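A.B. asks: For reference, this is entry.tsv, and it has TSV, C-alpha atoms.
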chain	number	residue	atom	x	y	z
W	1	MET	CA	12.98	89.85	195.78
W	2	ALA	CA	13.30	92.09	198.87
W	3	VAL	CA	10.92	91.36	201.74
W	4	ASN	CA	9.28	94.37	203.36
W	5	THR	CA	8.86	94.52	207.14
W	6	ASP	CA	5.70	96.08	208.56
W	7	VAL	CA	6.04	97.89	211.87
W	8	VAL	CA	3.00	99.28	213.64
W	9	VAL	CA	3.39	101.93	216.35
W	10	ILE	CA	0.43	102.34	218.69
W	11	GLY	CA	0.39	105.84	220.13
W	12	GLY	CA	1.37	109.15	218.58
W	13	GLY	CA	2.89	110.90	221.58
W	14	TYR	CA	6.52	111.67	222.36
W	15	ALA	CA	7.67	108.03	222.44
W	16	GLY	CA	5.56	106.82	219.52
W	17	VAL	CA	6.51	109.63	217.13
W	18	MET	CA	10.20	109.27	217.97
W	19	ALA	CA	10.05	105.53	217.37
W	20	ALA	CA	8.11	105.85	214.12
W	21	ASN	CA	10.48	108.48	212.73
W	22	ARG	CA	13.57	106.51	213.66
W	23	LEU	CA	12.27	103.32	212.05
W	24	THR	CA	12.23	105.02	208.64
W	25	GLN	CA	16.03	104.66	208.48
W	26	ARG	CA	15.53	101.46	206.54
W	27	GLY	CA	13.90	101.60	203.14
W	28	ASP	CA	12.54	98.06	203.52
W	29	VAL	CA	10.50	98.96	206.62
W	30	SER	CA	6.93	100.24	206.31
W	31	VAL	CA	5.83	102.18	209.39
W	32	THR	CA	2.23	102.76	210.43
W	33	LEU	CA	1.40	105.04	213.35
W	34	ILE	CA	-2.03	104.58	214.92
W	35	ASN	CA	-3.29	107.41	217.09
W	36	PRO	CA	-6.77	108.49	218.24
W	37	ARG	CA	-6.19	112.12	217.20
W	38	PRO	CA	-5.18	113.68	213.86
W	39	ALA	CA	-2.74	116.07	215.54
W	40	PHE	CA	0.19	115.75	217.92
W	41	VAL	CA	-0.55	116.81	221.51
W	42	HIS	CA	2.33	118.73	223.08
W	43	ARG	CA	1.41	117.46	226.49
W	44	VAL	CA	3.92	119.51	228.48
W	45	ARG	CA	1.97	122.60	227.39
W	46	LEU	CA	-1.49	121.45	228.51
W	47	HIS	CA	-1.31	123.76	231.53
W	48	GLN	CA	-0.83	126.59	229.05
W	49	LEU	CA	-3.95	125.49	227.18
W	50	VAL	CA	-5.80	125.77	230.50
W	51	GLY	CA	-4.28	129.22	231.03
W	52	GLY	CA	-5.04	130.34	227.48
W	53	THR	CA	-1.42	130.90	226.44
W	54	ASP	CA	-0.89	127.96	224.04
W	55	ALA	CA	-2.98	125.51	222.02
W	56	ALA	CA	-0.78	122.54	223.07
W	57	VAL	CA	-1.23	121.00	219.62
W	58	VAL	CA	1.25	120.59	216.76
W	59	ARG	CA	0.44	119.39	213.24
W	60	TYR	CA	1.81	115.93	212.53
W	61	GLN	CA	3.27	117.33	209.31
W	62	GLU	CA	5.73	119.21	211.52
W	63	VAL	CA	6.99	116.25	213.58
W	64	LEU	CA	6.23	113.04	211.68
W	65	ALA	CA	8.35	111.65	208.86
W	66	GLN	CA	6.66	111.71	205.46
W	67	GLY	CA	7.19	107.99	205.04
W	68	VAL	CA	5.09	107.15	208.10
W	69	ARG	CA	1.48	106.20	207.42
W	70	LEU	CA	-0.85	107.83	209.95
W	71	VAL	CA	-4.04	105.98	210.86
W	72	VAL	CA	-6.43	107.99	213.02
W	73	GLY	CA	-8.20	105.50	215.22
W	74	SER	CA	-8.14	103.55	218.47
W	75	VAL	CA	-6.77	100.04	218.95
W	76	THR	CA	-9.11	97.80	220.92
W	77	ARG	CA	-7.03	94.62	220.95
W	78	ILE	CA	-3.64	93.22	220.00
W	79	ASP	CA	-3.89	89.80	218.37
W	80	THR	CA	-0.45	88.43	219.17
W	81	ALA	CA	-1.08	85.08	217.49
W	82	GLY	CA	-2.21	86.70	214.26
W	83	ARG	CA	0.20	89.64	214.58
W	84	SER	CA	-2.43	92.25	213.97
W	85	VAL	CA	-4.23	94.98	215.87
W	86	GLU	CA	-7.98	95.44	215.88
W	87	LEU	CA	-9.39	98.94	215.51
W	88	ALA	CA	-12.52	100.41	217.07
W	89	SER	CA	-13.70	101.10	213.53
W	90	GLY	CA	-13.75	97.38	212.85
W	91	GLY	CA	-10.63	97.18	210.70
W	92	GLN	CA	-7.36	95.40	211.32
W	93	VAL	CA	-3.73	96.31	210.69
W	94	GLY	CA	-1.11	93.58	210.46
W	95	TYR	CA	2.45	93.85	211.71
W	96	ASP	CA	5.77	92.06	211.84
W	97	TYR	CA	6.85	94.17	214.80
W	98	LEU	CA	4.76	96.27	217.14
W	99	VAL	CA	5.85	99.30	219.16
W	100	TYR	CA	3.56	99.74	222.16
W	101	ALA	CA	3.59	103.45	223.08
W	102	VAL	CA	0.07	104.18	224.29
W	103	GLY	CA	1.24	106.64	226.93
W	104	SER	CA	-0.56	107.55	230.12
W	105	GLY	CA	-3.57	109.53	231.25
W	106	SER	CA	-5.55	110.43	234.32
W	107	ALA	CA	-6.01	107.68	236.85
W	108	ASP	CA	-9.33	106.92	238.52
W	109	PRO	CA	-9.12	109.32	241.48
W	110	GLN	CA	-10.75	106.86	243.92
W	111	VAL	CA	-11.98	109.86	245.91
W	112	PRO	CA	-15.73	110.33	246.37
W	113	GLY	CA	-17.05	113.02	244.05
W	114	ALA	CA	-13.77	113.59	242.19
W	115	ALA	CA	-14.85	111.81	239.01
W	116	GLU	CA	-18.11	113.77	238.96
W	117	PHE	CA	-17.06	117.25	240.07
W	118	ALA	CA	-13.30	117.61	239.41
W	119	TYR	CA	-11.63	118.26	236.07
W	120	PRO	CA	-8.58	116.16	235.14
W	121	ILE	CA	-6.21	117.67	232.56
W	122	ALA	CA	-3.84	114.83	231.62
W	123	ALA	CA	-5.28	114.63	228.10
W	124	LEU	CA	-6.15	117.23	225.49
W	125	GLU	CA	-9.87	116.57	225.59
W	126	GLU	CA	-9.89	116.80	229.40
W	127	ALA	CA	-8.16	120.19	229.33
W	128	GLN	CA	-10.59	121.38	226.67
W	129	ARG	CA	-13.57	120.34	228.83
W	130	LEU	CA	-12.18	122.45	231.67
W	131	LEU	CA	-12.10	125.68	229.66
W	132	PRO	CA	-15.86	126.38	229.62
W	133	ALA	CA	-16.03	125.80	233.38
W	134	LEU	CA	-13.29	128.35	233.96
W	135	ASP	CA	-14.92	130.80	231.56
W	136	ALA	CA	-18.22	130.49	233.41
W	137	ALA	CA	-16.65	131.12	236.82
W	138	PRO	CA	-16.12	134.74	237.92
W	139	ALA	CA	-12.50	135.84	238.16
W	140	SER	CA	-12.89	136.10	241.93
W	141	ALA	CA	-14.26	132.55	242.29
W	142	ALA	CA	-12.19	130.03	244.25
W	143	VAL	CA	-10.24	127.59	242.07
W	144	THR	CA	-8.68	124.53	243.71
W	145	VAL	CA	-5.88	122.60	242.06
W	146	VAL	CA	-5.27	119.15	243.56
W	147	GLY	CA	-1.80	117.72	243.05
W	148	ALA	CA	1.72	118.70	244.13
W	149	GLY	CA	3.60	117.61	241.00
W	150	PRO	CA	4.71	119.71	238.02
W	151	THR	CA	1.26	119.76	236.39
W	152	GLY	CA	-0.45	120.98	239.54
W	153	ILE	CA	2.20	123.61	240.25
W	154	GLU	CA	2.24	124.87	236.66
W	155	THR	CA	-1.54	125.00	236.40
W	156	ALA	CA	-1.91	126.84	239.70
W	157	ALA	CA	0.73	129.40	238.67
W	158	GLU	CA	-0.76	129.89	235.22
W	159	LEU	CA	-4.24	130.60	236.59
W	160	ALA	CA	-3.01	132.76	239.46
W	161	GLU	CA	-1.06	134.90	237.01
W	162	GLN	CA	-4.40	135.61	235.31
W	163	GLY	CA	-5.75	136.94	238.58
W	164	ARG	CA	-7.58	133.79	239.65
W	165	ARG	CA	-7.93	132.99	243.36
W	166	VAL	CA	-6.10	129.66	243.49
W	167	THR	CA	-5.51	127.12	246.25
W	168	LEU	CA	-3.02	124.31	245.58
W	169	VAL	CA	-3.75	121.21	247.65
W	170	CYS	CA	-0.70	118.97	247.87
W	171	GLY	CA	-1.81	116.08	250.07
W	172	GLY	CA	1.86	115.79	251.03
W	173	VAL	CA	4.94	117.83	250.19
W	174	LEU	CA	5.01	120.43	247.42
W	175	GLY	CA	7.04	119.28	244.42
W	176	PRO	CA	8.16	115.85	245.70
W	177	TYR	CA	10.97	115.65	243.15
W	178	LEU	CA	12.47	119.02	244.02
W	179	HIS	CA	15.49	119.54	246.24
W	180	ARG	CA	14.62	121.53	249.38
W	181	ARG	CA	16.33	124.60	247.92
W	182	GLY	CA	14.31	124.34	244.74
W	183	ARG	CA	11.17	123.80	246.78
W	184	ARG	CA	11.78	127.03	248.68
W	185	SER	CA	12.10	128.88	245.39
W	186	VAL	CA	8.83	127.45	244.05
W	187	THR	CA	7.05	128.17	247.33
W	188	GLY	CA	8.18	131.79	247.19
W	189	ARG	CA	7.04	132.28	243.62
W	190	LEU	CA	3.62	130.75	244.29
W	191	ALA	CA	3.21	133.01	247.32
W	192	ALA	CA	4.08	136.04	245.19
W	193	LEU	CA	1.37	134.99	242.73
W	194	GLY	CA	-1.15	134.71	245.56
W	195	VAL	CA	-1.46	130.91	245.44
W	196	LYS	CA	-2.44	129.41	248.79
W	197	VAL	CA	-0.52	126.15	249.25
W	198	VAL	CA	-2.02	123.51	251.54
W	199	GLU	CA	0.53	120.82	252.41
W	200	GLY	CA	0.90	117.80	254.70
W	201	SER	CA	-0.82	114.46	255.18
W	202	ALA	CA	-3.80	116.24	256.77
W	203	ALA	CA	-4.33	117.95	253.41
W	204	LYS	CA	-5.24	114.76	251.59
W	205	VAL	CA	-8.53	115.19	249.73
W	206	THR	CA	-11.28	112.93	251.05
W	207	GLU	CA	-14.23	114.24	249.03
W	208	VAL	CA	-15.04	116.62	246.21
W	209	THR	CA	-18.45	118.25	245.95
W	210	ARG	CA	-19.86	120.65	243.41
W	211	HIS	CA	-18.76	123.65	245.45
W	212	ALA	CA	-16.06	122.41	247.84
W	213	VAL	CA	-13.07	120.18	248.51
W	214	ARG	CA	-12.96	118.34	251.84
W	215	LEU	CA	-9.67	117.39	253.50
W	216	ALA	CA	-8.61	114.61	255.85
W	217	ASP	CA	-8.42	116.97	258.83
W	218	GLY	CA	-12.04	118.04	258.35
W	219	ARG	CA	-11.38	121.32	256.59
W	220	GLU	CA	-13.68	122.27	253.73
W	221	LEU	CA	-12.26	124.53	251.04
W	222	PRO	CA	-14.76	126.43	248.88
W	223	SER	CA	-14.15	125.64	245.23
W	224	ALA	CA	-16.10	126.84	242.23
W	225	VAL	CA	-13.77	124.87	239.93
W	226	THR	CA	-11.69	121.90	241.08
W	227	ILE	CA	-8.82	120.73	238.86
W	228	TRP	CA	-7.42	117.24	239.44
W	229	THR	CA	-3.75	116.71	238.53
W	230	THR	CA	-2.72	113.88	240.84
W	231	GLY	CA	-2.22	110.29	239.76
W	232	PHE	CA	-1.56	108.80	236.35
W	233	GLY	CA	-2.82	105.60	234.81
W	234	VAL	CA	-2.18	103.79	231.55
W	235	PRO	CA	-4.62	102.26	229.06
W	236	ASP	CA	-5.47	98.61	229.74
W	237	LEU	CA	-4.85	97.55	226.12
W	238	ALA	CA	-1.89	95.30	226.96
W	239	ALA	CA	-3.74	93.56	229.79
W	240	ARG	CA	-6.87	93.12	227.64
W	241	SER	CA	-4.68	91.57	224.97
W	242	GLY	CA	-3.27	88.95	227.34
W	243	LEU	CA	0.19	90.48	227.73
W	244	SER	CA	2.10	90.65	231.01
W	245	THR	CA	1.71	93.98	232.81
W	246	ASP	CA	2.61	95.50	236.14
W	247	ALA	CA	0.05	96.56	238.74
W	248	LEU	CA	-0.60	99.84	236.92
W	249	GLY	CA	-1.06	98.13	233.54
W	250	ARG	CA	2.30	98.98	231.95
W	251	LEU	CA	3.68	96.36	229.58
W	252	ILE	CA	6.49	94.43	231.27
W	253	THR	CA	9.60	94.16	229.11
W	254	ASP	CA	13.23	93.18	229.45
W	255	GLU	CA	16.02	95.75	229.34
W	256	THR	CA	15.86	95.89	225.52
W	257	LEU	CA	12.22	97.02	225.88
W	258	THR	CA	11.02	93.70	224.44
W	259	SER	CA	7.81	92.23	225.82
W	260	MET	CA	8.38	89.31	228.18
W	261	ASP	CA	5.71	87.43	226.22
W	262	ASP	CA	6.51	88.18	222.58
W	263	HIS	CA	9.78	89.33	220.99
W	264	HIS	CA	7.79	90.91	218.15
W	265	ILE	CA	6.48	93.54	220.59
W	266	VAL	CA	8.56	96.33	222.13
W	267	ALA	CA	7.32	99.10	224.40
W	268	ALA	CA	8.28	102.70	225.04
W	269	GLY	CA	7.20	105.68	227.09
W	270	ASP	CA	4.87	105.82	230.07
W	271	SER	CA	3.22	102.50	229.19
W	272	ALA	CA	6.47	100.49	229.45
W	273	ALA	CA	7.83	98.79	232.58
W	274	PRO	CA	11.34	97.54	231.75
W	275	SER	CA	12.19	94.67	234.10
W	276	GLY	CA	9.24	95.76	236.22
W	277	LEU	CA	11.21	98.93	237.10
W	278	PRO	CA	9.44	101.68	235.14
W	279	LEU	CA	11.09	105.03	234.68
W	280	ARG	CA	9.54	108.28	235.86
W	281	MET	CA	6.58	109.14	233.64
W	282	SER	CA	7.84	112.11	231.66
W	283	CYS	CA	8.66	113.43	228.23
W	284	GLN	CA	12.29	113.30	229.36
W	285	ALA	CA	12.03	109.50	229.49
W	286	ALA	CA	9.55	108.99	226.65
W	287	MET	CA	11.59	110.24	223.70
W	288	PRO	CA	14.77	108.30	224.61
W	289	LEU	CA	12.66	105.20	225.22
W	290	GLY	CA	11.03	105.67	221.82
W	291	ALA	CA	14.45	105.85	220.18
W	292	ALA	CA	15.66	102.80	222.11
W	293	ALA	CA	12.58	100.79	221.14
W	294	ALA	CA	13.13	101.61	217.48
W	295	ASP	CA	16.78	100.64	217.80
W	296	THR	CA	15.76	97.27	219.24
W	297	VAL	CA	13.58	96.56	216.20
W	298	LEU	CA	16.27	97.77	213.78
W	299	SER	CA	18.91	95.63	215.50
W	300	ARG	CA	16.77	92.52	215.17
W	301	LEU	CA	16.15	93.25	211.49
W	302	ALA	CA	19.91	93.57	211.02
W	303	GLY	CA	20.52	90.28	212.82
W	304	GLU	CA	22.26	92.05	215.70
W	305	GLU	CA	21.80	91.85	219.45
W	306	PRO	CA	19.80	94.86	220.74
W	307	GLU	CA	21.41	97.11	223.30
W	308	THR	CA	20.04	97.21	226.82
W	309	LEU	CA	18.46	100.24	228.44
W	310	ASN	CA	20.85	102.95	229.61
W	311	GLN	CA	18.54	105.80	230.49
W	312	SER	CA	20.02	109.04	231.78
W	313	PHE	CA	18.18	111.91	233.46
W	314	GLY	CA	19.36	115.42	234.10
W	315	ALA	CA	16.69	117.72	235.45
W	316	GLN	CA	13.05	118.62	235.94
W	317	CYS	CA	11.82	121.98	234.73
W	318	ILE	CA	8.65	123.72	235.90
W	319	SER	CA	7.11	126.92	234.62
W	320	LEU	CA	5.68	129.31	237.21
W	321	GLY	CA	3.64	131.52	234.94
W	322	ARG	CA	4.94	133.00	231.72
W	323	GLY	CA	7.92	134.90	233.09
W	324	THR	CA	9.30	132.70	235.84
W	325	GLY	CA	10.29	129.08	236.20
W	326	ILE	CA	12.71	126.66	237.77
W	327	PHE	CA	15.19	124.27	236.21
W	328	GLN	CA	15.92	121.72	238.93
W	329	PHE	CA	19.05	119.74	238.18
W	330	GLY	CA	19.36	116.09	239.13
W	331	ASN	CA	21.93	113.34	238.88
W	332	ARG	CA	21.87	110.63	236.23
W	333	SER	CA	19.86	108.37	238.52
W	334	ASP	CA	17.10	111.00	238.56
W	335	VAL	CA	17.64	112.34	242.08
W	336	ALA	CA	17.42	116.11	242.53
W	337	VAL	CA	20.60	117.90	243.61
W	338	TRP	CA	21.07	121.24	245.36
W	339	PHE	CA	21.66	123.25	242.19
W	340	HIS	CA	18.78	124.89	240.35
W	341	ILE	CA	18.16	127.90	238.13
W	342	ASP	CA	15.04	129.95	238.79
W	343	GLY	CA	13.48	133.29	237.90
W	344	ARG	CA	13.40	134.56	234.33
W	345	LEU	CA	16.32	132.39	233.26
W	346	GLY	CA	14.50	129.35	234.64
W	347	ALA	CA	11.47	130.29	232.53
W	348	LYS	CA	13.62	130.70	229.42
W	349	MET	CA	15.21	127.30	229.99
W	350	LYS	CA	11.81	125.67	230.40
W	351	GLU	CA	10.59	127.30	227.20
W	352	ALA	CA	13.74	126.17	225.40
W	353	VAL	CA	13.01	122.61	226.52
W	354	CYS	CA	9.42	122.78	225.25
W	355	LYS	CA	10.56	124.07	221.87
W	356	GLY	CA	13.45	121.62	221.83
W	357	ILE	CA	11.11	118.66	222.17
W	358	VAL	CA	9.35	119.52	218.92
W	359	LYS	CA	12.70	120.21	217.27
W	360	HIS	CA	14.08	116.81	218.30
W	361	LEU	CA	11.06	115.08	216.77
W	362	ALA	CA	11.19	117.18	213.60
W	363	ASP	CA	14.94	116.58	213.21
W	364	GLU	CA	14.43	112.84	213.55
W	365	ALA	CA	11.66	113.01	210.96
W	366	HIS	CA	13.95	114.72	208.45
W	367	LYS	CA	17.09	112.74	209.30
W	368	PRO	CA	16.21	109.47	211.08
W	369	GLY	CA	18.94	108.21	213.36
W	370	ARG	CA	20.10	111.67	214.31
W	371	TYR	CA	18.74	111.61	217.85
W	372	SER	CA	21.31	110.30	220.33
W	373	LEU	CA	20.31	111.41	223.85
W	374	HIS	CA	19.21	107.86	224.69
W	375	ARG	CA	22.84	106.80	224.40
W	376	MET	CA	24.00	109.04	227.25
W	377	LYS	CA	25.32	106.93	230.10
W	378	GLY	CA	22.74	106.49	232.83
W	379	GLY	CA	23.26	106.54	236.56
W	380	ALA	CA	24.19	103.64	238.79
W	381	GLY	CA	20.84	103.58	240.58
W	382	ARG	CA	19.05	101.44	238.02
W	383	GLN	CA	21.89	98.94	237.74
W	384	LYS	CA	21.96	98.53	241.52
W	385	ALA	CA	18.21	97.96	241.59
W	386	LEU	CA	18.48	95.35	238.84
W	387	GLU	CA	21.29	93.56	240.67
W	388	ALA	CA	19.17	93.45	243.80
W	389	MET	CA	16.26	92.01	241.83
W	390	ARG	CA	18.49	89.39	240.21
W	391	ALA	CA	19.78	88.32	243.60
W	392	GLU	CA	16.21	87.90	244.83
W	393	ASP	CA	14.80	86.23	241.71
W	394	PRO	CA	17.03	85.70	238.64
W	395	LEU	CA	14.01	85.04	236.42
W	396	VAL	CA	12.46	88.47	237.04
W	397	VAL	CA	14.82	90.26	234.68
W	398	ALA	CA	15.57	87.35	232.34
W	399	ARG	CA	15.70	88.55	228.77
W	400	VAL	CA	13.32	87.23	226.16
W	401	SER	CA	15.04	84.69	223.93
Could you spell out this file's structure in structure tokens?

C.D. replies:
Amino acid sequence: MAVNTDVVVIGGGYAGVMAANRLTQRGDVSVTLINPRPAFVHRVRLHQLVGGTDAAVVRYQEVLAQGVRLVVGSVTRIDTAGRSVELASGGQVGYDYLVYAVGSGSADPQVPGAAEFAYPIAALEEAQRLLPALDAAPASAAVTVVGAGPTGIETAAELAEQGRRVTLVCGGVLGPYLHRRGRRSVTGRLAALGVKVVEGSAAKVTEVTRHAVRLADGRELPSAVTIWTTGFGVPDLAARSGLSTDALGRLITDETLTSMDDHHIVAAGDSAAPSGLPLRMSCQAAMPLGAAAADTVLSRLAGEEPETLNQSFGAQCISLGRGTGIFQFGNRSDVAVWFHIDGRLGAKMKEAVCKGIVKHLADEAHKPGRYSLHRMKGGAGRQKALEAMRAEDPLVVARVS
């Protein structure tokens, strides 16, 4: 009699959905996806939700394989000894293998007043809480966006395009990932939209009040609505469950994405720290990591040795309102290069990426195993970093046996 294997995936984002879909390749594998929400959050469109141009939500029927059982709920603990997860509702779900893909969210800002008076938008519910505050503020009211990364830039541009009076506080350099040529392009577009950009170490936020943002150099910026887009954290589920994590709380794995503590657990997405060298938190990394995590489980079920991580990057794309954007190319080690595409074509490329994400997930749902971008050869940067770590401490990147 055939033995069925139960695989539980915690987290229904880019990595979790990709992993769950891919695992349905085998008919003797039962896949359960546990997620707090009944719908898929298209996170790279949350700035559009804030700007009123997209709902940032996709029905799971569109991206999740029919054979995957969806459980709407939150996991409070992983019982590694009993190979089960405990739900906030009081129930339990057993597993033979577990895919840990809980993603990331807003980090504790650690800035006085920020938690009370600023609005984070890293999660759907956070973005939804911001909307009434924006609606209540007059169009001429000062809006301050804190954060120099893609989310901060995109949110500032989206709101400025609506006619809002927006200040973008970087606390450092605008768009840290961007090449200097790409940065000049983004700076020019923000200026054309009327966004005031405040850069440099003196622009670090030291306090947020109900009506202002205070900076390290003593400046006080009036702000009717303050939006916080800087810093990401991960849920503490792995740490609470007694698993090894890095300083941020990401599950530490080997290069096959297998937990250093338990070979029945693999991790993917923003909540994974392969060899203690996590990849850039992004959808661009999450989906390939989800596919690789599924492949690790499938290899073990087939009695084969799992492949090691070979992540490749290519670009970072940022929308600058609805009609303009930038597609910043990078090398395979995720370092920006001089070449970028901006303007209307940049916007079209960004939109194609957003639509392509959903298409990749839907294609994998209908034909599991089809996705192959995780097999593109990665850059030499990661291998060099691993070699340096091995030279310092060979046990740091030892694979789980």

A.B. asks: W:Val93, W:Ala268, W:Ala224, W:Ala388: which is nearest Gly12 of chain W, counting only C-alpha atoms?

C.D. replies: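 Smallest distance to Gly12 of chain W is found for W:Ala268.
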
A.B. asks: Centre and edge lengths, as lines of an AutoDock Vina configuration file, for the axis-aligned box enclosing every listed atom of segment 209-218 of chain W with 6 Å of padding on each of the six sides, in Å to one decimal?

C.D. replies:
center_x = -14.1
center_y = 119.1
center_z = 251.1
size_x = 23.4
size_y = 21.0
size_z = 27.4

A.B. asks: Please identify every residue of segment 177-285 of chain W that has at least one atom no farther than 9 Å from an atom of segment 330-343 of chain W, counting only C-alpha atoms, and for each give the shortest atom pair and the distance in Å to one decimal, arranged by chain then increasing number, as a Markdown table.

C.D. replies:
| residue | atom | partner | partner_atom | distance |
| --- | --- | --- | --- | --- |
| W:Tyr177 | CA | W:Ala336 | CA | 6.5 |
| W:Leu178 | CA | W:Ala336 | CA | 5.9 |
| W:His179 | CA | W:Ala336 | CA | 5.4 |
| W:Arg180 | CA | W:Trp338 | CA | 7.6 |
| W:Arg181 | CA | W:Trp338 | CA | 6.3 |
| W:Gly182 | CA | W:His340 | CA | 6.3 |
| W:Ser185 | CA | W:Asp342 | CA | 7.3 |
| W:Val186 | CA | W:Asp342 | CA | 8.5 |
| W:Arg189 | CA | W:Gly343 | CA | 8.7 |
| W:Arg280 | CA | W:Asp334 | CA | 8.5 |

A.B. asks: Taking into account only C-alpha atoms, which residue in the set W:Gly105, W:Gly323, W:Gly200, W:Gly51 is nearest to Ala160 of chain W?

C.D. replies: W:Gly51

A.B. asks: Within 9 Å of (-2.4, 96.2, 217.1), in the coordinates the file gives, what residues turn up when you count only C-alpha atoms, written out as an NGL selection string?

C.D. replies: :W and (8-10 or 34 or 75-80 or 83-87 or 92-95 or 98 or 100)

A.B. asks: Pick out the closest residue to Ser299 of chain W from this set: W:Thr209, W:Gln25, W:Ser372, W:Gln128. Count all atoms listed in the file.

C.D. replies: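 Once distances to Ser299 of chain W are computed over all atoms listed in the file, the minimum belongs to W:Gln25.
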
A.B. asks: With a distance cut-off of 7 Å and all atoms listed in the file, select the neighbouring residues of Asp96 of chain W, excluding the residue or stretch itself and same-chain residues fewer than 5 positions from it, and output the selection as a PyMOL selection string.

C.D. replies: chain W and resi 5-7+83+264

A.B. asks: Please write the residues from the selection above to a file, keeping C-alpha atoms, as a CSV table (one decimal), keeping the file's coordinate frame.

C.D. replies:
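Result file is result_10.csv:
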chain,number,residue,atom,x,y,z
W,5,THR,CA,8.9,94.5,207.1
W,6,ASP,CA,5.7,96.1,208.6
W,7,VAL,CA,6.0,97.9,211.9
W,83,ARG,CA,0.2,89.6,214.6
W,264,HIS,CA,7.8,90.9,218.2

A.B. asks: Work out how far atom CA of Val234 of chain W is from atom CA of Gly269 of chain W, in Å to one decimal.

C.D. replies: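 About the pair atom CA of Gly269 of chain W and atom CA of Val234 of chain W: they are 10.6 Å apart.
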
A.B. asks: Determine the nearest neighbour of Thr206 of chain W from the options W:Gly175, W:Val146, W:Ile326, W:Ala291, counting only C-alpha atoms.

C.D. replies: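 Result for the nearest residue to Thr206 of chain W: W:Val146.
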
A.B. asks: One number please: atom CA of Gly113 of chain W to atom CA of Ala202 of chain W, in Å, one decimal.

C.D. replies: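 Value for the atom CA of Gly113 of chain W-atom CA of Ala202 of chain W distance: 18.6 Å.
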
A.B. asks: Using Å and a single decimal, report how far atom CA of Ser275 of chain W sits from atom CA of Glu255 of chain W.

C.D. replies: 6.2 Å

A.B. asks: Have a look at W:Ala247, W:Val99, W:Ala347, W:Ala142 and name the one nearest to Ala267 of chain W; count only C-alpha atoms.

C.D. replies: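 Smallest separation from Ala267 of chain W among the options: W:Val99.
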
A.B. asks: Hey, which of W:Ala107, W:Ile357, W:Val68, W:Val173 ends up closest to Leu248 of chain W? Count all atoms listed in the file.

C.D. replies: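 Of W:Ala107, W:Ile357, W:Val68, W:Val173, the one nearest Leu248 of chain W, counting all atoms listed in the file, is W:Ala107.
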
A.B. asks: Where atoms are absent from segment 314-326 of chain W, fill them in so it carries N, CA and C atoms, then output it as a PDB file, in the coordinates of the input.

C.D. replies:
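Result file is part10.pdb:
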ATOM      1  N   GLY W 314      18.532 114.268 233.784  1.00  0.00           N
ATOM      2  CA  GLY W 314      19.360 115.420 234.100  1.00  0.00           C
ATOM      3  C   GLY W 314      18.672 116.489 234.915  1.00  0.00           C
ATOM      4  N   ALA W 315      17.342 116.589 234.806  1.00  0.00           N
ATOM      5  CA  ALA W 315      16.690 117.720 235.450  1.00  0.00           C
ATOM      6  C   ALA W 315      15.170 117.553 235.387  1.00  0.00           C
ATOM      7  N   GLN W 316      14.490 118.441 236.091  1.00  0.00           N
ATOM      8  CA  GLN W 316      13.050 118.620 235.940  1.00  0.00           C
ATOM      9  C   GLN W 316      12.804 120.124 235.881  1.00  0.00           C
ATOM     10  N   CYS W 317      12.070 120.549 234.861  1.00  0.00           N
ATOM     11  CA  CYS W 317      11.820 121.980 234.730  1.00  0.00           C
ATOM     12  C   CYS W 317      10.333 122.264 234.892  1.00  0.00           C
ATOM     13  N   ILE W 318      10.027 123.358 235.587  1.00  0.00           N
ATOM     14  CA  ILE W 318       8.650 123.720 235.900  1.00  0.00           C
ATOM     15  C   ILE W 318       8.457 125.194 235.604  1.00  0.00           C
ATOM     16  N   SER W 319       7.425 125.515 234.853  1.00  0.00           N
ATOM     17  CA  SER W 319       7.110 126.920 234.620  1.00  0.00           C
ATOM     18  C   SER W 319       6.229 127.427 235.762  1.00  0.00           C
ATOM     19  N   LEU W 320       6.437 128.671 236.121  1.00  0.00           N
ATOM     20  CA  LEU W 320       5.680 129.310 237.210  1.00  0.00           C
ATOM     21  C   LEU W 320       5.061 130.584 236.663  1.00  0.00           C
ATOM     22  N   GLY W 321       4.162 130.404 235.707  1.00  0.00           N
ATOM     23  CA  GLY W 321       3.640 131.520 234.940  1.00  0.00           C
ATOM     24  C   GLY W 321       4.499 131.718 233.705  1.00  0.00           C
ATOM     25  N   ARG W 322       4.253 132.795 232.992  1.00  0.00           N
ATOM     26  CA  ARG W 322       4.940 133.000 231.720  1.00  0.00           C
ATOM     27  C   ARG W 322       6.336 133.584 231.875  1.00  0.00           C
ATOM     28  N   GLY W 323       6.634 134.231 232.995  1.00  0.00           N
ATOM     29  CA  GLY W 323       7.920 134.900 233.090  1.00  0.00           C
ATOM     30  C   GLY W 323       8.888 134.313 234.085  1.00  0.00           C
ATOM     31  N   THR W 324       8.460 133.284 234.796  1.00  0.00           N
ATOM     32  CA  THR W 324       9.300 132.700 235.840  1.00  0.00           C
ATOM     33  C   THR W 324       9.204 131.179 235.776  1.00  0.00           C
ATOM     34  N   GLY W 325      10.285 130.529 236.171  1.00  0.00           N
ATOM     35  CA  GLY W 325      10.290 129.080 236.200  1.00  0.00           C
ATOM     36  C   GLY W 325      11.451 128.576 237.019  1.00  0.00           C
ATOM     37  N   ILE W 326      11.583 127.272 237.073  1.00  0.00           N
ATOM     38  CA  ILE W 326      12.710 126.660 237.770  1.00  0.00           C
ATOM     39  C   ILE W 326      13.223 125.484 236.959  1.00  0.00           C
TER      40      ILE W 326
END
